[in-house]
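In what follows, a structure is listed as structure tokens, so that the remarks can point back to it.
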There are 2 protein chains.
Amino acid sequence: MNDTLKTQLNHRSIRAYQDKPLNQETVQTLIDVAMRTASSNGMQQASIIRITDPKLKSAFFEITNQDYIQSVPECWVFVTDNHRNHVIMQEKGYDFDYTNTIYRFTEAFTDACLMAQNVVVAAESLGLGTVYFGSILNDCERVIELLKLPQLTYPVIALGIGIPNQEPQLKPRMDHKLRVFENEYHHFDNYLETFKKYDEQMQQYYDLRNANQRVDSFTNQVVTKNQFENEKCKKLLTLIRKQGYDV
Amino acid sequence: MNDTLKTQLNHRSIRAYQDKPLNQETVQTLIDVAMRTASSNGMQQASIIRITDPKLKSAFFEITNQDYIQSVPECWVFVTDNHRNHVIMQEKGYDFDYTNTIYRFTEAFTDACLMAQNVVVAAESLGLGTVYFGSILNDCERVIELLKLPQLTYPVIALGIGIPNQEPQLKPRMDHKLRVFENEYHHFDNYLETFKKYDEQMQQYYDLRNANQRVDSFTNQVVTKNQFENEKCKKLLTLIRKQGYDV
């Protein structure tokens with residue numbers, strides 16, 4: 001056991017932050033870690049847009065419906081970025097359409113996610129809190145417009161970073177036997193039975209988002225959260241294509 | 001500066017490993033870290049398949065064309081997994097098609113990537129080396145078949161972990177100013193000019209994959225690596241659909 005592992009095993013999403021900006025040195029360290037992250041073929045096909053403009057933060061609140069996106073000191077949007085290398089190729093006189101596969105898109109998408117999680121661990125090692133905003137995808141088209149994302153870029157996830165102003169309980173996780181298999185995918189006979197213990201653990205957990213109110217069982221949450229349908233989310237493939245990815 | 005950051009800023013991909021298995025306790029710690037990773041809505045829609053069967057490792061060598069995938073002590077394939085929650089819903093009597101959006105797929109894809117990078121940092125904090133195999137996507141169909149991946153699962157990336165048997169140079173990265181922007185995407189006037197310094201740095205770097213041979217400039221690599229076209233990679237969207245994702 002070492003400090004890194006202790007930090008990682010103590011991960012909680014933080015949704016309330018102190019009203020203090022990160023100092024410039026800390027921001028630079030987090031950027032350095034992001035840059036050092038592995039990338040597919042070393043092509044570094046992901047970029048970061050730091051949101052510092054309060055107007056932009058308000059717009060993101062409208063999109064995500066999560067008010068703490070306005071108050072979190074650092075808010076970074078991770079985007080796929082095949083644009084940069086595409087321009088390099090154009091300047092070198094190559095005009096073939098190298099983006100003509102979904103492969104290039106998923107490569108860049110993976111690059112962006114790996115970078116985001118690397119920043120999460122770095123920030124938490126410094127005692128900072130983090131929270132992902134997958135909800136920027138509620139209105140991807142607006143995000144593209146707001147951040148003036150060019151062709152061959154696409155928003156993946158946003159990340160909030162700051163000094164925590166809350167100390168949430170560790171949220172229970174399902175047993176690793178349900179998620180880690182050997183050599184082939186493993187099926188269980190009766191999932192509801194298998195999840196019984198985890199369902200009970202989850203009902204003992206207090207979610208600070210609804211203070212003093214225990215949460216529903218995991219298997220009930222699966223139903224509730226999957227019933228939520230956002231019409232705009234159905235159009236993501238159209239948008240990915242509109243961004244120039246010929247997937 | 002702390003040990004976590006030092007580890008992260010010292011990241012290199014390791015492609016030669018000592019012939020020693022990880023002990024069971026270490027494997028369990030890495031699994032615990034993987035399980036603790038943030039996931040979209042807490043739905044934990046990613047799983048891990050540990051490859052321990054030598055026959056399977058040979059098959060992965062055929063797919064990736066990277067021989068060290070056979071010798072690396074631990075090889076984990078990270079997969080999207082909406083299957084598990086889908087079965088839970090079926091057992092609860094819900095038959096609506098909640099997977100009818102690309103949104104669910106990208107959620108799970110993100111979950112899988114975040115988990116992979118969390119494991120990378122944990123492993124490296126223990127002095128272990130890691131290497132990603134994006135090349136499993138060279139033949140995704142075969143990977144699905146080999147790992148018996150059911151509907152609503154899909155392979156994202158593989159990760160090798162072991163005791164390093166080499167100490168590669170730190171691979172240069174492009175300047176963060178080229179990848180980190182404020183409030184909106186930033187364009188540069190002349191990319192080839194802007195990349196000049198980085199191109200020079202890259203030419204000073206020795207890639208252990210081609211011992212004693214300096215590598216090409218970054219902007220030249222962009223051309224070479226993007227000229228590579230794998231016909232099978234063009235069909236990924238078809239495969240994603242075949243796996244039951246109605247994207």
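Identifiers in this document derive from the order of the structure tokens: chains are assigned A, B, ..., residues are numbered from 1 separately in each chain, and ligands are numbered from 1 in order of occurrence.
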All residues 6 Å or closer to segment 168-185 of chain B, only C-alpha atoms, same chain fewer than 2 positions away omitted, as a tab-separated table (two decimals) with N, CA, C and O atoms, in the first residue's frame:
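Contents of selection-v3.tsv, as written:
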chain	number	residue	atom	x	y	z
A	47	SER	N	-7.41	17.14	-26.86
A	47	SER	CA	-7.07	18.46	-26.35
A	47	SER	C	-7.97	18.82	-25.17
A	47	SER	O	-8.95	18.13	-24.91
A	48	ILE	N	-7.59	19.89	-24.50
A	48	ILE	CA	-8.33	20.34	-23.31
A	48	ILE	C	-8.75	21.80	-23.51
A	48	ILE	O	-7.94	22.61	-23.95
A	49	ILE	N	-10.02	22.09	-23.22
A	49	ILE	CA	-10.44	23.49	-23.20
A	49	ILE	C	-10.77	23.85	-21.74
A	49	ILE	O	-11.70	23.28	-21.16
A	50	ARG	N	-10.00	24.76	-21.18
A	50	ARG	CA	-10.27	25.24	-19.81
A	50	ARG	C	-11.35	26.30	-19.86
A	50	ARG	O	-11.24	27.28	-20.60
A	51	ILE	N	-12.39	26.09	-19.06
A	51	ILE	CA	-13.49	27.06	-19.06
A	51	ILE	C	-13.26	28.05	-17.92
A	51	ILE	O	-13.38	27.70	-16.73
A	147	LEU	N	-17.67	26.22	-27.64
A	147	LEU	CA	-16.20	26.11	-27.57
A	147	LEU	C	-15.56	26.30	-28.93
A	147	LEU	O	-14.35	26.17	-29.09
A	148	LYS	N	-16.39	26.63	-29.92
A	148	LYS	CA	-15.92	26.82	-31.31
A	148	LYS	C	-15.04	25.65	-31.75
A	148	LYS	O	-13.93	25.84	-32.27
A	149	LEU	N	-15.56	24.44	-31.54
A	149	LEU	CA	-14.79	23.25	-31.90
A	149	LEU	C	-14.78	23.06	-33.40
A	149	LEU	O	-15.83	22.98	-34.03
B	198	TYR	N	9.43	20.85	-31.66
B	198	TYR	CA	9.04	19.51	-31.22
B	198	TYR	C	9.56	18.44	-32.19
B	198	TYR	O	10.03	17.38	-31.77
Tell me which protein, DNA and RNA residues are within 12 Å of Thr238 of chain A, counting only C-alpha atoms, leaving out same-chain ones fewer than 6 positions away, and put them as a short mmCIF file (atom, residue, chain, number, x, y, z; two decimals) with C-alpha atoms, in the first residue's frame.
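Output saved as around35.cif:
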data_model
loop_
_atom_site.label_atom_id
_atom_site.label_comp_id
_atom_site.auth_asym_id
_atom_site.auth_seq_id
_atom_site.Cartn_x
_atom_site.Cartn_y
_atom_site.Cartn_z
CA CYS A 140 -23.34 18.26 -27.57
CA GLU A 141 -24.26 20.55 -30.43
CA TYR A 154 -15.66 16.37 -30.55
CA LYS A 232 -30.74 15.12 -28.13
CA GLY A 244 -16.24 15.71 -40.12
CA TYR A 245 -15.77 12.17 -38.87
CA ASP A 246 -16.93 9.92 -41.68
CA VAL A 247 -17.90 7.08 -39.32
CA THR B 101 -28.80 5.54 -28.42
CA ILE B 102 -25.13 5.95 -29.11
CA TYR B 103 -25.09 7.74 -25.75
CA VAL B 247 -26.23 3.46 -32.67
#
Which residue gives the smallest distance to chain A among B:Tyr17, B:Tyr68, B:Phe188, B:Tyr206, with only C-alpha atoms counted?
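Under the stated criterion, the closest residue is B:Phe188.
The residue that comes closest to chain B, out of A:Thr64, A:Ser40, A:Thr80, A:Asn23 and on the basis of only C-alpha atoms, is A:Ser40.
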Determine which residues of segment 56-184 of chain A DSSP labels as alpha helix (DSSP H) from the backbone of this structure, then write them out as JSON, numbers by chain.
{"A": [56, 57, 58, 59, 60, 61, 62, 63, 64, 68, 69, 70, 71, 83, 84, 85, 86, 87, 88, 89, 90, 91, 102, 103, 104, 105, 106, 107, 108, 109, 110, 111, 112, 113, 114, 115, 116, 117, 118, 119, 120, 121, 122, 123, 124, 125, 140, 141, 142, 143, 144, 145, 146]}
Find the residues near segment 112-119 of chain A: any atom within 10 Å, counting only C-alpha atoms, skip ones fewer than 4 places away on the same chain, and give them as an mmCIF file with C-alpha atoms, in the first residue's frame.
data_model
loop_
_atom_site.group_PDB
_atom_site.id
_atom_site.type_symbol
_atom_site.label_atom_id
_atom_site.label_comp_id
_atom_site.auth_asym_id
_atom_site.auth_seq_id
_atom_site.Cartn_x
_atom_site.Cartn_y
_atom_site.Cartn_z
ATOM 1 C CA THR A 29 1.333 20.487 -12.775
ATOM 2 C CA LEU A 30 -2.052 19.028 -13.738
ATOM 3 C CA ILE A 31 -1.469 20.107 -17.336
ATOM 4 C CA ASP A 32 1.989 18.482 -17.295
ATOM 5 C CA VAL A 33 0.454 15.211 -16.086
ATOM 6 C CA ALA A 34 -2.221 15.409 -18.784
ATOM 7 C CA MET A 35 0.454 15.882 -21.462
ATOM 8 C CA ARG A 36 2.471 12.896 -20.204
ATOM 9 C CA THR A 37 -0.506 10.499 -20.561
ATOM 10 C CA ALA A 38 -0.119 7.644 -23.043
ATOM 11 C CA SER A 39 -1.789 8.227 -26.411
ATOM 12 C CA GLN A 44 -1.708 12.948 -28.939
ATOM 13 C CA GLN A 45 -5.126 13.247 -30.525
ATOM 14 C CA ALA A 46 -6.968 14.883 -27.631
ATOM 15 C CA SER A 47 -7.066 18.461 -26.346
ATOM 16 C CA ILE A 48 -8.331 20.344 -23.312
ATOM 17 C CA TRP A 76 -11.857 21.356 -18.213
ATOM 18 C CA VAL A 77 -13.520 19.927 -21.295
ATOM 19 C CA PHE A 78 -11.636 17.037 -22.904
ATOM 20 C CA VAL A 79 -12.141 16.773 -26.653
ATOM 21 C CA THR A 80 -11.092 14.395 -29.408
ATOM 22 C CA ASP A 81 -8.653 16.229 -31.637
ATOM 23 C CA THR A 106 -12.348 5.968 -31.092
ATOM 24 C CA GLU A 107 -8.554 6.360 -30.890
ATOM 25 C CA ALA A 108 -8.959 10.050 -30.119
ATOM 26 C CA ALA A 123 -5.536 16.271 -8.523
ATOM 27 C CA GLU A 124 -6.667 13.885 -5.790
ATOM 28 C CA SER A 125 -3.025 13.178 -4.844
ATOM 29 C CA THR A 130 -12.860 16.117 -8.740
ATOM 30 C CA TYR A 132 -16.898 14.314 -14.034
ATOM 31 C CA PRO A 155 -16.439 16.822 -26.837
ATOM 32 C CA VAL A 156 -15.908 13.718 -24.698
ATOM 33 C CA ILE A 157 -16.253 14.649 -21.029
ATOM 34 C CA ALA A 158 -15.827 17.600 -18.671
ATOM 35 C CA LEU A 159 -14.000 17.524 -15.362
ATOM 36 C CA ILE A 161 -11.399 20.277 -9.966
ATOM 37 C CA LEU B 5 2.905 13.038 -9.555
ATOM 38 C CA GLN B 8 2.819 10.090 -13.541
ATOM 39 C CA THR B 37 -12.939 4.315 -10.575
ATOM 40 C CA ALA B 38 -15.709 6.835 -11.245
ATOM 41 C CA PHE B 109 -16.705 3.300 -23.529
ATOM 42 C CA THR B 110 -15.703 6.176 -21.256
ATOM 43 C CA ASP B 111 -16.165 4.003 -18.144
ATOM 44 C CA ALA B 112 -13.797 1.430 -19.629
ATOM 45 C CA CYS B 113 -11.080 3.969 -20.503
ATOM 46 C CA LEU B 114 -11.172 5.708 -17.118
ATOM 47 C CA MET B 115 -10.777 2.346 -15.409
ATOM 48 C CA ALA B 116 -7.819 1.402 -17.618
ATOM 49 C CA GLN B 117 -5.912 4.609 -16.873
ATOM 50 C CA ASN B 118 -6.626 4.307 -13.145
ATOM 51 C CA VAL B 120 -2.024 2.231 -15.143
ATOM 52 C CA VAL B 121 -1.286 4.792 -12.422
#
Within 12 Å of Asp67 of chain A, counting only C-alpha atoms, which residues qualify if same-chain residues fewer than 3 places away don't, as number ranges by chain?
A: 15-17, 57-64, 70-72, 133, 135, 160, 209
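Among the candidates A:Asp199, A:Asp53, A:Glu167, A:Glu25, the one nearest to chain B when counting only C-alpha atoms is A:Asp53.
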Which residue gives the smallest distance to chain A among B:Gln243, B:Thr219, B:Asn165, B:Gln18, with only C-alpha atoms counted?
B:Thr219
Would you return as a PyMOL selection string the members of segment 85-182 of chain A that DSSP assigns to strand (DSSP E) on this structure's backbone?
chain A and resi 129-133+153-162+180-182
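Using only C-alpha atoms, the shortest contact distance between Lys234 of chain B and any of A:Leu22, A:Met89, A:Ile144, A:Arg104 is found at A:Arg104.
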